Amino acid sequence: MISAAQIREVASSYLSHDDGERFLLEFSPLVHNIHKNGEAEAIELADKIQSKMADLHSNLIAKSEFRSFLRQLTVHSFFNVYRVSPLVYTSSASAVQITAGHQWASPEASAILFADRQYA
């Protein structure tokens, strides 16, 4: 049975490597017959991605919009793994929430979250 995690993994790989051909070679067989052998969440993700792929192919959206859409889908799964702490007050008396732990769920999560940032 195809899981949503498998689809997110393929999307994350595309975001990390920006290889459209590789993405198609991995995504297409994964979602073939997904309505018969996929989890409900996987089916929903596959349908959304295929719809955005059609928009991209028809030039209704730019590649950057497609990548942003995939980033939202993949980042969603990383944030679900973290517990949020109660509010913590800093010396400036502003409340912030911190996550338990000091690392992202994976190096891929960091790459996705900070892919658009440029450092000097």
# chains A, B, ... in the order shown; residues from 1 in each chain; ligands from 1

call {"tool": "residues_around", "arguments": {"residues": "Tyr14 of chain A", "least_positions_apart": "2", "cutoff": "10 Å", "atoms": "only C-alpha atoms", "output": "list in words"}}
result
Arg8, Glu9, Val10, Ala11, Ser12, Ser16, His17, Asp18, Asp19, Gly20, Glu21, Arg22, Phe23, Leu24, Glu26, Phe27, Arg67, Leu70 and Arg71 of chain A

call {"tool": "atom_distance", "arguments": {"atom1": "atom CA of His57 of chain A", "atom2": "atom CA of Ala42 of chain A"}}
result
22.1 Å

call {"tool": "closest_residue", "arguments": {"among": "A:Ile7, A:His35, A:Ile49, A:Leu30", "to": "Phe69 of chain A", "atoms": "only C-alpha atoms"}}
result
A:Ile49

call {"tool": "atom_distance", "arguments": {"atom1": "atom CA of Gln6 of chain A", "atom2": "atom CA of Lys36 of chain A"}}
result
15.9 Å
